[in-house]
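Shown next: work_10.txt, given as compact mmCIF, C-alpha atoms.
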# COMPACT_ATOMS: atom_id res chain seq x y z
CA GLU F 249 -12.21 21.11 -2.09
CA GLU F 250 -15.73 21.36 -0.76
CA THR F 251 -18.50 22.59 -3.03
CA SER F 252 -21.63 24.51 -2.10
CA CYS F 253 -23.74 21.35 -2.33
CA GLY F 254 -21.53 19.45 0.12
CA GLY F 255 -19.59 17.43 -2.47
CA HIS F 256 -15.85 17.35 -2.92
CA HIS F 257 -13.66 18.04 -5.94
CA HIS F 258 -9.96 17.61 -6.47
CA PRO F 259 -8.03 20.73 -5.44
CA LEU F 260 -7.34 23.19 -8.26
CA PRO F 261 -3.51 22.99 -7.92
CA LEU F 262 -3.76 19.34 -9.06
CA TYR F 263 -4.51 20.76 -12.51
CA LEU F 264 -2.00 23.58 -12.25
CA GLU F 265 -0.13 22.69 -15.44
CA SER F 266 -3.31 22.83 -17.53
CA LEU F 267 -4.42 26.24 -16.33
CA PRO F 268 -3.70 29.31 -18.49
CA SER F 269 -0.32 30.92 -17.93
CA VAL F 270 -2.06 34.04 -16.63
CA TYR F 271 -3.25 32.07 -13.59
CA GLN F 272 -1.33 33.27 -10.58
CA GLY F 273 -2.88 31.58 -7.57
CA LYS F 274 -1.96 32.56 -4.06
CA HIS F 275 1.34 31.01 -3.09
CA GLU F 276 -0.06 29.62 0.16
CA ASP F 277 -3.02 28.04 -1.69
CA ILE F 278 -0.65 26.27 -4.04
CA LEU F 279 2.00 25.28 -1.51
CA LYS F 280 -0.45 23.87 1.06
CA HIS F 281 -0.65 20.80 -1.22
CA LYS F 282 3.12 20.30 -1.26
CA ARG F 283 4.24 16.82 -0.19
CA GLU F 284 7.23 15.97 2.01
CA ASP F 285 9.41 15.38 -1.06
CA GLY F 286 8.72 18.89 -2.40
CA SER F 287 6.25 17.80 -5.08
CA LEU F 288 2.64 18.71 -5.66
CA PHE F 289 0.67 15.45 -5.80
CA HIS F 290 3.82 13.57 -6.93
CA SER F 291 3.26 15.24 -10.32
CA PRO F 292 6.35 16.64 -12.04
CA SER F 293 4.26 18.91 -14.29
CA ALA F 294 2.19 20.36 -11.43
CA THR F 295 5.37 20.79 -9.39
CA ALA F 296 7.10 22.59 -12.28
CA CYS F 297 4.17 25.00 -12.59
CA ALA F 298 4.14 25.54 -8.84
CA PHE F 299 7.85 26.34 -8.95
CA MET F 300 7.37 28.81 -11.82
CA ILE F 301 4.62 30.59 -9.88
CA THR F 302 6.05 30.46 -6.36
CA GLY F 303 9.81 29.95 -6.79
CA ASP F 304 9.66 27.42 -3.93
CA ARG F 305 13.07 25.89 -3.22
CA ASP F 306 11.66 22.44 -2.29
CA CYS F 307 9.83 22.21 -5.62
CA LYS F 308 13.05 23.04 -7.43
CA GLN F 309 15.01 20.39 -5.51
CA TYR F 310 12.36 17.77 -6.30
CA LEU F 311 12.52 18.63 -10.01
CA GLU F 312 16.32 18.66 -10.13
CA ALA F 313 16.54 15.28 -8.39
CA LEU F 314 13.94 13.88 -10.77
CA VAL F 315 15.80 15.07 -13.87
CA GLN F 316 19.07 13.64 -12.56
CA ARG F 317 17.47 10.29 -11.85
CA CYS F 318 15.33 9.96 -14.98
CA GLY F 319 17.55 11.58 -17.59
CA ARG F 320 15.84 12.96 -20.67
CA GLY F 321 12.23 12.29 -19.72
CA VAL F 322 10.26 12.06 -16.53
CA PRO F 323 7.26 9.87 -15.66
CA PRO F 324 3.82 11.44 -15.18
CA THR F 325 4.00 10.66 -11.45
CA TYR F 326 7.04 10.20 -9.27
CA PRO F 327 8.04 8.34 -7.16
CA VAL F 328 6.97 5.29 -9.11
CA ASP F 329 6.16 2.08 -7.25
CA GLN F 330 8.10 -0.51 -9.25
CA ASP F 331 6.48 -3.43 -7.43
CA LEU F 332 3.01 -2.15 -8.30
CA ILE F 333 4.00 -1.77 -11.95
CA LYS F 334 5.20 -5.38 -12.05
CA LEU F 335 2.06 -6.57 -10.29
CA CYS F 336 -0.17 -4.72 -12.75
CA LEU F 337 1.79 -6.28 -15.62
CA VAL F 338 1.20 -9.75 -14.14
CA ASP F 339 -2.49 -8.89 -13.75
CA HIS F 340 -2.75 -7.78 -17.39
CA LEU F 341 -0.94 -10.89 -18.64
CA MET F 342 -3.33 -13.09 -16.70
CA GLN F 343 -6.38 -11.22 -17.95
CA LEU F 344 -5.14 -11.64 -21.52
CA GLY F 345 -4.54 -15.34 -20.95
CA CYS F 346 -0.84 -15.01 -21.77
CA ASP F 347 0.45 -15.92 -18.32
CA GLU F 348 1.42 -19.46 -19.37
CA HIS F 349 4.14 -17.98 -21.59
CA PHE F 350 5.70 -16.07 -18.68
CA THR F 351 5.53 -18.61 -15.86
CA ASN F 352 9.11 -18.10 -14.63
CA GLN F 353 8.91 -14.30 -14.70
CA ILE F 354 5.53 -14.28 -12.95
CA GLY F 355 6.90 -16.70 -10.35
CA ASP F 356 9.84 -14.36 -9.68
CA VAL F 357 7.48 -11.38 -9.28
CA MET F 358 5.24 -13.36 -6.92
CA ASP F 359 8.19 -14.60 -4.82
CA ASN F 360 9.53 -11.04 -4.51
CA LEU F 361 6.06 -9.72 -3.70
CA TYR F 362 5.52 -12.37 -1.03
CA TRP F 363 8.91 -11.63 0.52
CA ASN F 364 8.06 -7.91 0.64
CA TRP F 365 4.58 -8.65 2.00
CA GLU F 366 5.99 -10.74 4.85
CA THR F 367 9.11 -8.75 5.74
CA LYS F 368 8.11 -5.13 5.30
CA GLY F 369 6.28 -3.68 8.24
CA LEU F 370 3.09 -1.74 7.80
CA GLU F 371 3.97 1.89 7.43
CA PRO F 372 1.44 4.47 8.51
CA SER F 373 -0.52 5.52 5.46
CA LYS F 374 -0.48 9.07 4.28
CA MET F 375 -4.06 9.94 3.45
CA HIS F 376 -3.24 11.26 -0.02
CA ASP F 377 -1.54 7.95 -0.92
CA LEU F 378 -4.33 5.78 0.48
CA PRO F 379 -6.25 5.00 -2.76
CA LEU F 380 -3.14 3.74 -4.55
CA GLN F 381 -1.98 1.85 -1.47
CA ILE F 382 -5.33 0.06 -1.08
CA PHE F 383 -5.36 -0.73 -4.80
CA GLY F 384 -1.85 -2.22 -4.62
CA ASP F 385 -2.57 -4.18 -1.45
CA SER F 386 -5.79 -5.62 -2.86
CA LEU F 387 -4.13 -6.63 -6.12
CA ALA F 388 -1.21 -8.18 -4.22
CA PHE F 389 -3.56 -10.06 -1.88
CA GLN F 390 -5.59 -11.38 -4.80
CA HIS F 391 -2.60 -12.61 -6.82
CA LEU F 392 -0.67 -14.02 -3.88
CA ARG F 393 -3.69 -16.07 -2.86
CA ARG F 394 -4.29 -17.12 -6.48
CA HIS F 395 -0.69 -18.36 -6.72
CA GLY F 396 -0.98 -20.48 -3.58
CA TYR F 397 0.71 -18.28 -1.00
CA ARG F 398 -0.77 -18.45 2.49
CA ILE F 399 -1.21 -14.87 3.59
CA SER F 400 -3.42 -13.13 6.07
CA PRO F 401 -5.88 -10.46 4.95
CA GLU F 402 -4.69 -8.38 7.94
CA ARG F 403 -2.54 -6.05 5.86
CA PHE F 404 -5.19 -5.54 3.24
CA CYS F 405 -8.03 -4.91 5.71
CA ARG F 406 -6.18 -2.65 8.14
CA PHE F 407 -7.94 0.48 6.89
CA MET F 408 -11.24 -0.88 8.21
CA ARG F 409 -9.99 -0.55 11.81
CA GLU F 410 -8.86 3.06 11.51
CA PRO F 411 -11.69 5.59 11.85
CA GLN F 412 -9.66 8.41 10.27
CA MET F 413 -9.07 6.35 7.14
CA LEU F 414 -12.72 5.34 6.89
CA LEU F 415 -13.82 8.96 7.27
CA TYR F 416 -11.32 10.06 4.61
CA MET F 417 -12.60 7.33 2.29
CA GLU F 418 -16.21 8.42 2.81
CA GLU F 419 -15.39 12.06 2.13
CA ASN F 420 -13.27 11.28 -0.93
CA TYR F 421 -15.11 8.22 -2.23
CA GLN F 422 -14.54 9.18 -5.88
CA ASP F 423 -10.79 8.62 -5.41
CA PHE F 424 -11.38 5.04 -4.27
CA PHE F 425 -13.45 3.62 -7.14
CA GLY F 426 -10.49 1.76 -8.66
CA ALA F 427 -9.27 0.51 -5.29
CA MET F 428 -12.69 -0.72 -4.25
CA TYR F 429 -13.26 -2.42 -7.60
CA ALA F 430 -9.98 -4.28 -7.14

For this file, write the structure as structure tokens.
Amino acid sequence: EETSCGGHHHPLPLYLESLPSVYQGKHEDILKHKREDGSLFHSPSATACAFMITGDRDCKQYLEALVQRCGRGVPPTYPVDQDLIKLCLVDHLMQLGCDEHFTNQIGDVMDNLYWNWETKGLEPSKMHDLPLQIFGDSLAFQHLRRHGYRISPERFCRFMREPQMLLYMEENYQDFFGAMYA
């Protein structure tokens, strides 16, 4: 949300679960941040609070599906990108210098990642998922190249050709620190 000095802050509903229970925001202000899957920011806790305030049916369906899938506990964000989790684990093992003990497992992750990189088409990016997508693509590009795979930087650099993405990145630069560091 825009501030008086021209800066941007994360929208208040992102922190919905941490606000006092007396907070009763306008339903339309809360629900304008709802994603296609019925969640608020892919956050189960923010979605649960939004449901308690608004009674929105899509929020309830998201939460019920999440509980059925995850059982007793739910992750802090959902859906979870399993490939990105594996890639981050490989990255951490390499940074710790332990990768030599997991050569076969890292090889399997890299082979699967390369197969996905080559066979999956580029889906149009949703702007709210862009920071995580750029982070994942940059990490994948770095590790695939490091492990000897011949890949083109085309997928990783596609955001540089799309003016809407560049504008979004400029306006929300604080969300891209991790992605740009990677």

Can you list, as a ChimeraX atom specification, every protein, DNA or RNA residue that comes within 12 Å of Asp359 in chain F when you count only C-alpha atoms, leaving out same-chain residues fewer than 2 positions away? /F:331,335,352-357,361-366,388,391-392,395-397

Contacts of range 423-425 of chain F at 9 Å (all atoms listed in the file; same-chain gap of 4+ positions) as a list in words: Leu378, Pro379, Leu380, Ile382, Phe383, Met417, Tyr429 and Ala430 of chain F

Can you tell me how far CA of Cys346 in chain F sits from CA of Phe389 in chain F, in Å to one decimal? 20.7 Å

Using all atoms listed in the file for the distances, tell me which of F:Ser291, F:Thr302, F:Asn420, F:Gln381 is nearest to Pro323 in chain F. F:Ser291

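Pairwise distance (CA of Glu418 in chain F, CA of Glu276 in chain F) equals 26.8 Å.
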
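Pairwise distance (CA of Asp329 in chain F, CA of His290 in chain F) equals 11.7 Å.
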
Need to verify the contact set: range 285-288 of chain F, 7 Å, only C-alpha atoms, exclusion of same-chain residues closer than 5 positions in sequence. Can you return it as a PyMOL selection string? chain F and resi 294-295+306-307+310

Build an axis-aligned box that encloses every atom of range 339-356 of chain F listed in the file, pad it by 6 Å on each side, and report its centre and edge lengths in Å to one decimal, as JSON.
{"center_x": 1.7, "center_y": -13.6, "center_z": -15.7, "size_x": 28.2, "size_y": 23.7, "size_z": 24.1}

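Using all atoms listed in the file for every distance, the candidate list F:Arg394, F:His275, F:Arg409, F:Arg403 yields F:Arg394 as the residue closest to Asp339 in chain F.
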